[in-house]
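Trainee: To start, I am sharing the structure in question, which I have written as structure tokens.
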Protein chains: 4
Amino acid sequence: MSHYEIRTDLALEARETITEEAEELRGVSVEEFYQKEIDVRVTKVIIETKNGAKAMGKPIGTYITLEAPGMVEKDEDYHREISEELAEHLAEIIPDLEQEQSILVVGLGNQDVTADALGPHVVDNLYITRHVVKEYGRAAYNRSRVHMISSIVPGVMAKTGMESAEIIRGIVQETEPTVIIVIDALAARSTKRLNRTIQITNTGIHPGSGVGNHRNALTEESLGIPVIAIGVPTVVDAATIVNDAMEKTIEQLKKTNMGMEDDFPKIMSELNNMYVTSKDIDETIKSLSFLISEALNITFDRLE
Amino acid sequence: MSHYEIRTDLALEARETITEEAEELRGVSVEEFYQKEIDVRVTKVIIETKNGAKAMGKPIGTYITLEAPGMVEKDEDYHREISEELAEHLAEIIPDLEQEQSILVVGLGNQDVTADALGPHVVDNLYITRHVVKEYGRAAYNRSRVHMISSIVPGVMAKTGMESAEIIRGIVQETEPTVIIVIDALAARSTKRLNRTIQITNTGIHPGSGVGNHRNALTEESLGIPVIAIGVPTVVDAATIVNDAMEKTIEQLKKTNMGMEDDFPKIMSELNNMYVTSKDIDETIKSLSFLISEALNITFDRLE
Amino acid sequence: MSHYEIRTDLALEARETITEEAEELRGVSVEEFYQKEIDVRVTKVIIETKNGAKAMGKPIGTYITLEAPGMVEKDEDYHREISEELAEHLAEIIPDLEQEQSILVVGLGNQDVTADALGPHVVDNLYITRHVVKEYGRAAYNRSRVHMISSIVPGVMAKTGMESAEIIRGIVQETEPTVIIVIDALAARSTKRLNRTIQITNTGIHPGSGVGNHRNALTEESLGIPVIAIGVPTVVDAATIVNDAMEKTIEQLKKTNMGMEDDFPKIMSELNNMYVTSKDIDETIKSLSFLISEALNITFDRLE
Amino acid sequence: MSHYEIRTDLALEARETITEEAEELRGVSVEEFYQKEIDVRVTKVIIETKNGAKAMGKPIGTYITLEAPGMVEKDEDYHREISEELAEHLAEIIPDLEQEQSILVVGLGNQDVTADALGPHVVDNLYITRHVVKEYGRAAYNRSRVHMISSIVPGVMAKTGMESAEIIRGIVQETEPTVIIVIDALAARSTKRLNRTIQITNTGIHPGSGVGNHRNALTEESLGIPVIAIGVPTVVDAATIVNDAMEKTIEQLKKTNMGMEDDFPKIMSELNNMYVTSKDIDETIKSLSFLISEALNITFDRLE
């Protein structure tokens, strides 16, 4: 069934399909650890070689994933702890944070579609400083060193008529940030990852992934500065779910020569352009976006 | 697979599962006609007897369905034509509109979840008159007779702590409308009905249907006045889609005794509380809600 | 200029116009204290007699006002401290909180007008429990005693065709809460109180006050249960500001018989239906509503 | 009182302060006409010389103003007529519309502050074509010639950390539109112009005007392509209103040497950062933005 592409934005899921042995051979290193006190599992996948990239279907780079089942529960103190854990990993993956940076945070996605509004929501709670530093200097914050933080919600192509990448490229040329952080809602392969997984990577964003597919490449290669991507899977492609559910079955049916697998393409084409999401997605997006914006605020505030 | 309940809010879909012959026997009458100029198919299902109700799994009453493939396309003049067609059928099903009525329009659903926000959006574009008539009389509109229109968006139980039905009952007792019109986003059984079908019925709303399940009964029986429900399917239960896709297959597998059908419950339980919707649901909800509020405004404005 | 009514919803401001001596005579007691660590000034005005009520132009009851200049600044820890201070005073003024209550929180105002959206925003962040307790009992919270919290955003009359009071009365009859808490954006007399003052009172809400005037009386007398009102001045009537600015001047002009005061009514009538608000009102409402919802959550969570 | 700058974004108001004679001398031409059927007054002010610009306090260029008292009333057919009138004037002022253009529409303002959200709302209802033409060519619209329409809502500096002008300059460099249309909520000098006046000009947008002051220059000079600005006054500076109300009075007081004018600066400084707007601003913005987006859609759709 290779003609129905299985879409996943998660390195974690990509990795599940290849064996541990294969990993070693192919230039993929994996570390896992579990933060017991806060019930967070952290997986760090580093794809080191072209072979590794090919095997994983993901570019060379670092992918850090936090999994926390309680991420969407209403418990502020707990959220703060996850934000702090996330901040640790952000500090690790964003380059040169011990020096002053000009950081542009991009909230991808569609503000008007709940499951796709994660990026715009995160940006909404950030502590923005660039305009103040530009006008009044660092003194405005009583500090000797301050990161300049700016943000943009480019909107979706159906509403702007432009690729997000066109908008970002223009803003980067004009405002010259030193690093970009992109937030986006992702598509996962399985509902069990939804709303409880955060992936951060230094490989940026590549065409064809994400909920609304609202961009082409946002990478260091295309923009000339490091691009860190933060993503949370909030939807699963409807076709992927049905595909996964039926995969083994279909294979069996093929063996028995009953011919029923022929109905399958019709079913799948009806699911085209459909996605699956949870019913309480509004509360979920609110919690998750707050958690991520907190983590970013903590990370940016550490410079002294 | 009777333990996975196939949920549909559409009488049209319920009817598809029973034969024409059975209909006649069981007290269900069906009329269909096609408005060629505007490409709208109208189906009128009248369930006349208890047997009919049992066969259809729907209460005794009238169900009018408009199907229009172009409903979500951006064409204002066309929308106006569908609104006028819909207004005709509303005028037919709302009782005693040739006399002054006090009409409470209820926008069910969750404003913060795109696919569930149809009701709140419809209410937002209605022409509200009750407060003006109460304060200044019909004279304010230069008319001898005017319907008093009021509206409410009760919100969802997770946010109010109350059933929508509790809120509506209270408001009905206090403000004494003579008829209620309830707008809600529905769940369909198949993606092919999504966003192109409008159902109006005089049977009100029954527990367990709808996107967010945000109510118990809103019916003439429970509220003491006629309750007209207008619904548009905007989502499909994720479990329903997988179920439908696999149904025949599973039956075959059962015959072959391969035992694979045992994996099925696990897959289904993961899909619990998930739904499937289209990716451009924001534009869709905007178009559909405008179309329905126009139809209501036209209907209410006809009294002279 | 008594024909231009000076509108203020703040007992604090009403009091400023009468002398201390008068207070004692007229049955008004005033206590003030200053919480130095958090820079919050608390004023407690108790109107004890009909004479006091007449002198103050406010009903008999208790009015507690918190003034905190830093209320709208971006400092989470500080906000938490003000929320806790506010929670203390709420616990004092809401009757019988040491026993289980069923508390209906009403968010008055217009969600679509920034300065009037305080009530709806507060309700949006409350921890709602009534539906859970109703369905699963206190056990759902691992507690022997829990308050049942419900909430409603009734909307504004121009959109519902109903008075907020009609909607609330109906819901109260149907769901039988034991106490009501109403949140509303208020009108102040002077811009210097805007967005930095919170008033809580056990006298409920009276016709004619508030930003949008969206209600008639919500009081213990009209609803049969205690009604606590929480208000924050977010606007000043445009006419009030001009009036205040010109008051002394006009009096002088009257003395000089120059006759210019005749232009005044024309100016004032143009300001009819206009209000004054701050330019960063969006951030302000966000901060204030979060602060108040936190205070309510803390207050409701204290029962053991 | 020249130290309190009287702010107006309307050429119409600027003109009211100079005499007709002066106009002729100073290179300002004024035409007025009245469309009786739709009760719209059109004023066309052309500032032709530097002297004219100095006298008016506005740059050289064309300013067309439509005044329609009924603009905010709920009457769709009437709105359509005003949209068509506005479309006529847009077609006149946007250069070279008889040839294919790539038009970037910019919605200035703050989506979260009702009175400032006009621009974002207008953009939300535009018919966007650039991405479709880029991908599928004109054929997608069954036309030989189509304008490419794109749009952006840059957001406000407090949230982005960037000037709107920086964002627009970047996007212009990257996507190379041939003309820009900027929509913004304006400040008027008097409440009598609020929400009933639309100004279109080919002089773009200049620092310091507008509700939220959210930009520096957006002009043909700064961007290299023609910039058409469409503005509607939705607020009046609070200081301006008080200033206007008191102006004559103060002058009189100065003559009488009573010294009371000394209190004035204190009053004015309290009004700093405050604005006056109407109470039904939400409905108003909704109507006005729809009217303008309709006019733009009509204008752009005329190419054959």
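Residue numbers start at 1 in each chain; chains themselves are named A, B, ... in the order of the structure tokens; ligands are numbered from 1 in the order shown.
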Write out as JSON lines the residues of chain D that have any atom within 6 Å of an atom of chain C, one row each with the nearest atom pair and its distance in Å to one decimal, counting only C-alpha atoms, sorted by chain and then rising number.
Mentor:
{"residue": "D:Asp112", "atom": "CA", "partner": "C:Asp282", "partner_atom": "CA", "distance": 5.9}
{"residue": "D:Val113", "atom": "CA", "partner": "C:Thr114", "partner_atom": "CA", "distance": 5.6}
{"residue": "D:Thr114", "atom": "CA", "partner": "C:Val113", "partner_atom": "CA", "distance": 5.6}
{"residue": "D:Val242", "atom": "CA", "partner": "C:Val242", "partner_atom": "CA", "distance": 5.5}
{"residue": "D:Asn273", "atom": "CA", "partner": "C:Lys279", "partner_atom": "CA", "distance": 5.9}
{"residue": "D:Met274", "atom": "CA", "partner": "C:Ser278", "partner_atom": "CA", "distance": 4.4}
{"residue": "D:Tyr275", "atom": "CA", "partner": "C:Val276", "partner_atom": "CA", "distance": 5.2}
{"residue": "D:Val276", "atom": "CA", "partner": "C:Val276", "partner_atom": "CA", "distance": 4.2}
{"residue": "D:Thr277", "atom": "CA", "partner": "C:Met274", "partner_atom": "CA", "distance": 5.4}
{"residue": "D:Ser278", "atom": "CA", "partner": "C:Met274", "partner_atom": "CA", "distance": 4.4}
{"residue": "D:Lys279", "atom": "CA", "partner": "C:Met274", "partner_atom": "CA", "distance": 5.8}
{"residue": "D:Asp282", "atom": "CA", "partner": "C:Val113", "partner_atom": "CA", "distance": 5.8}
Trainee: Could you give me, as a list in words, each residue of region 127-231 of chain C that DSSP assigns to strand (DSSP E) when run on this structure's backbone?
Mentor: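 Taking region 127-231 of chain C and keeping strand (DSSP E) only, one gets Met148, Ile149, Ser150, Ser151, Ile152, Val179, Ile180, Ile181, Val182, Ile183, Asp184, Ala185, Leu186, Ala187, Ala188, Thr197, Ile198, Gln199, Ile200, Thr201, Val227, Ile228, Ala229, Ile230 and Gly231 of chain C.
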Trainee: For N, CA, C and O atoms, I'd like the residues from the last selection saved as a tab-separated table (two decimals), in the first residue's frame.
Mentor:
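File written: part-v1.tsv
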chain	number	residue	atom	x	y	z
C	148	MET	N	-20.13	23.25	44.09
C	148	MET	CA	-20.51	23.03	42.70
C	148	MET	C	-20.42	24.38	41.98
C	148	MET	O	-21.17	25.30	42.31
C	149	ILE	N	-19.52	24.48	41.01
C	149	ILE	CA	-19.33	25.74	40.30
C	149	ILE	C	-19.92	25.63	38.89
C	149	ILE	O	-19.60	24.70	38.15
C	150	SER	N	-20.78	26.57	38.54
C	150	SER	CA	-21.29	26.63	37.17
C	150	SER	C	-21.09	28.07	36.67
C	150	SER	O	-20.77	28.96	37.45
C	151	SER	N	-21.24	28.28	35.38
C	151	SER	CA	-21.04	29.64	34.86
C	151	SER	C	-21.88	29.88	33.61
C	151	SER	O	-22.26	28.94	32.91
C	152	ILE	N	-22.16	31.14	33.36
C	152	ILE	CA	-22.91	31.49	32.15
C	152	ILE	C	-22.44	32.86	31.64
C	152	ILE	O	-22.13	33.76	32.42
C	179	VAL	N	-25.72	30.75	45.58
C	179	VAL	CA	-25.14	32.08	45.56
C	179	VAL	C	-24.72	32.41	44.11
C	179	VAL	O	-24.40	31.51	43.34
C	180	ILE	N	-24.78	33.70	43.79
C	180	ILE	CA	-24.38	34.13	42.46
C	180	ILE	C	-23.22	35.10	42.56
C	180	ILE	O	-23.21	35.96	43.44
C	181	ILE	N	-22.25	34.93	41.68
C	181	ILE	CA	-21.17	35.92	41.58
C	181	ILE	C	-21.21	36.50	40.18
C	181	ILE	O	-21.18	35.76	39.20
C	182	VAL	N	-21.31	37.81	40.11
C	182	VAL	CA	-21.44	38.48	38.82
C	182	VAL	C	-20.18	39.28	38.55
C	182	VAL	O	-19.74	40.06	39.40
C	183	ILE	N	-19.58	39.09	37.37
C	183	ILE	CA	-18.38	39.85	37.00
C	183	ILE	C	-18.76	40.83	35.91
C	183	ILE	O	-19.42	40.47	34.94
C	184	ASP	N	-18.32	42.07	36.03
C	184	ASP	CA	-18.69	43.06	35.02
C	184	ASP	C	-17.62	44.14	34.90
C	184	ASP	O	-16.93	44.47	35.87
C	185	ALA	N	-17.49	44.67	33.70
C	185	ALA	CA	-16.65	45.85	33.49
C	185	ALA	C	-17.46	47.07	33.92
C	185	ALA	O	-18.64	47.18	33.59
C	186	LEU	N	-16.83	47.96	34.66
C	186	LEU	CA	-17.56	49.11	35.20
C	186	LEU	C	-17.14	50.40	34.49
C	186	LEU	O	-16.13	50.46	33.80
C	187	ALA	N	-17.96	51.43	34.72
C	187	ALA	CA	-17.58	52.78	34.30
C	187	ALA	C	-17.08	53.52	35.54
C	187	ALA	O	-17.70	53.46	36.60
C	188	ALA	N	-15.95	54.18	35.42
C	188	ALA	CA	-15.45	55.01	36.52
C	188	ALA	C	-15.69	56.47	36.17
C	188	ALA	O	-16.05	56.82	35.05
C	197	THR	N	-8.25	49.02	39.67
C	197	THR	CA	-9.14	48.99	40.82
C	197	THR	C	-10.10	47.82	40.68
C	197	THR	O	-10.68	47.62	39.62
C	198	ILE	N	-10.26	47.02	41.74
C	198	ILE	CA	-11.27	45.96	41.73
C	198	ILE	C	-12.23	46.21	42.88
C	198	ILE	O	-11.80	46.41	44.01
C	199	GLN	N	-13.53	46.23	42.58
C	199	GLN	CA	-14.51	46.42	43.64
C	199	GLN	C	-15.33	45.15	43.81
C	199	GLN	O	-15.81	44.57	42.84
C	200	ILE	N	-15.47	44.68	45.06
C	200	ILE	CA	-16.40	43.58	45.31
C	200	ILE	C	-17.46	44.04	46.30
C	200	ILE	O	-17.17	44.77	47.24
C	201	THR	N	-18.67	43.65	46.03
C	201	THR	CA	-19.78	44.11	46.87
C	201	THR	C	-20.83	43.01	46.98
C	201	THR	O	-20.95	42.17	46.09
C	227	VAL	N	-26.15	37.85	45.98
C	227	VAL	CA	-25.48	38.18	44.73
C	227	VAL	C	-24.24	39.03	45.02
C	227	VAL	O	-24.35	40.15	45.50
C	228	ILE	N	-23.07	38.44	44.77
C	228	ILE	CA	-21.81	39.16	44.94
C	228	ILE	C	-21.40	39.70	43.58
C	228	ILE	O	-21.42	38.97	42.59
C	229	ALA	N	-21.05	40.99	43.52
C	229	ALA	CA	-20.60	41.56	42.25
C	229	ALA	C	-19.12	41.91	42.32
C	229	ALA	O	-18.66	42.47	43.31
C	230	ILE	N	-18.39	41.51	41.28
C	230	ILE	CA	-16.98	41.89	41.15
C	230	ILE	C	-16.86	42.78	39.93
C	230	ILE	O	-17.28	42.39	38.84
C	231	GLY	N	-16.34	43.98	40.13
C	231	GLY	CA	-16.27	44.90	39.00
C	231	GLY	C	-14.91	45.57	38.88
C	231	GLY	O	-14.24	45.82	39.88
Trainee: What's around Ala295 (chain C) at 9 Å? Count only C-alpha atoms, leave out sequence neighbours fewer than 3 positions away in its own chain, and write the answer as a list of chain:residue names.
Mentor: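 Those residues are C:Arg80, C:Ile82, C:Ser83, C:Glu84, C:Glu85, C:Leu86, C:Ala87, C:Glu88, C:Leu90, C:Phe290, C:Leu291, C:Ile292, C:Ile298, C:Thr299, C:Phe300.
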Trainee: Please provide as a PDB file with C-alpha atoms, in the first residue's frame all residues within 12 Å of Glu73 (chain C), with the sequence filter that same-chain residues fewer than 4 positions apart are discarded (counting only C-alpha atoms).
Mentor:
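What follows is the written file out_18.pdb:
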ATOM      1  CA  TYR A 127       7.321  38.359  26.151  1.00  0.00           C
TER       2      TYR A 127
ATOM      3  CA  ALA C  68      -3.051  48.186  42.830  1.00  0.00           C
ATOM      4  CA  PRO C  69      -1.115  50.338  40.375  1.00  0.00           C
ATOM      5  CA  ASP C  77       4.298  36.143  40.637  1.00  0.00           C
ATOM      6  CA  TYR C  78       2.964  39.552  41.579  1.00  0.00           C
ATOM      7  CA  HIS C  79      -0.391  38.747  39.997  1.00  0.00           C
ATOM      8  CA  ILE C  82      -2.909  40.088  44.257  1.00  0.00           C
ATOM      9  CA  ASN C 195      -7.732  49.103  35.102  1.00  0.00           C
ATOM     10  CA  ARG C 196      -6.143  49.271  38.521  1.00  0.00           C
ATOM     11  CA  ASP C 280      -3.690  48.878  25.407  1.00  0.00           C
ATOM     12  CA  GLU C 283      -3.552  43.305  27.275  1.00  0.00           C
ATOM     13  CA  THR C 284      -5.210  44.929  30.262  1.00  0.00           C
ATOM     14  CA  ILE C 285      -8.392  42.863  30.025  1.00  0.00           C
ATOM     15  CA  LYS C 286      -6.330  39.703  29.579  1.00  0.00           C
ATOM     16  CA  SER C 287      -4.295  40.386  32.734  1.00  0.00           C
ATOM     17  CA  LEU C 288      -7.229  41.514  34.847  1.00  0.00           C
ATOM     18  CA  LEU C 291      -6.143  37.750  38.011  1.00  0.00           C
TER      19      LEU C 291
END
Trainee: Where does DSSP see helix (DSSP H, G or I) in region 53-257 of chain B, if you list the residues as a PyMOL selection string?
Mentor: chain B and resi 53-56+69-72+76-93+114-116+118-124+130-136+138-141+157-160+164-175+191-193+220-223+238-256
Trainee: For Pro95 (chain C), which residue among C:Thr234, C:Gln35, C:Ser293, C:Thr178 is the nearest when counting only C-alpha atoms?
Mentor: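 Among the listed residues, the smallest separation from Pro95 (chain C) belongs to C:Thr178.
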Trainee: What is the CA of Val156 (chain C) to CA of Thr219 (chain B) distance in Å?
Mentor: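 So the answer is 26.1 Å.
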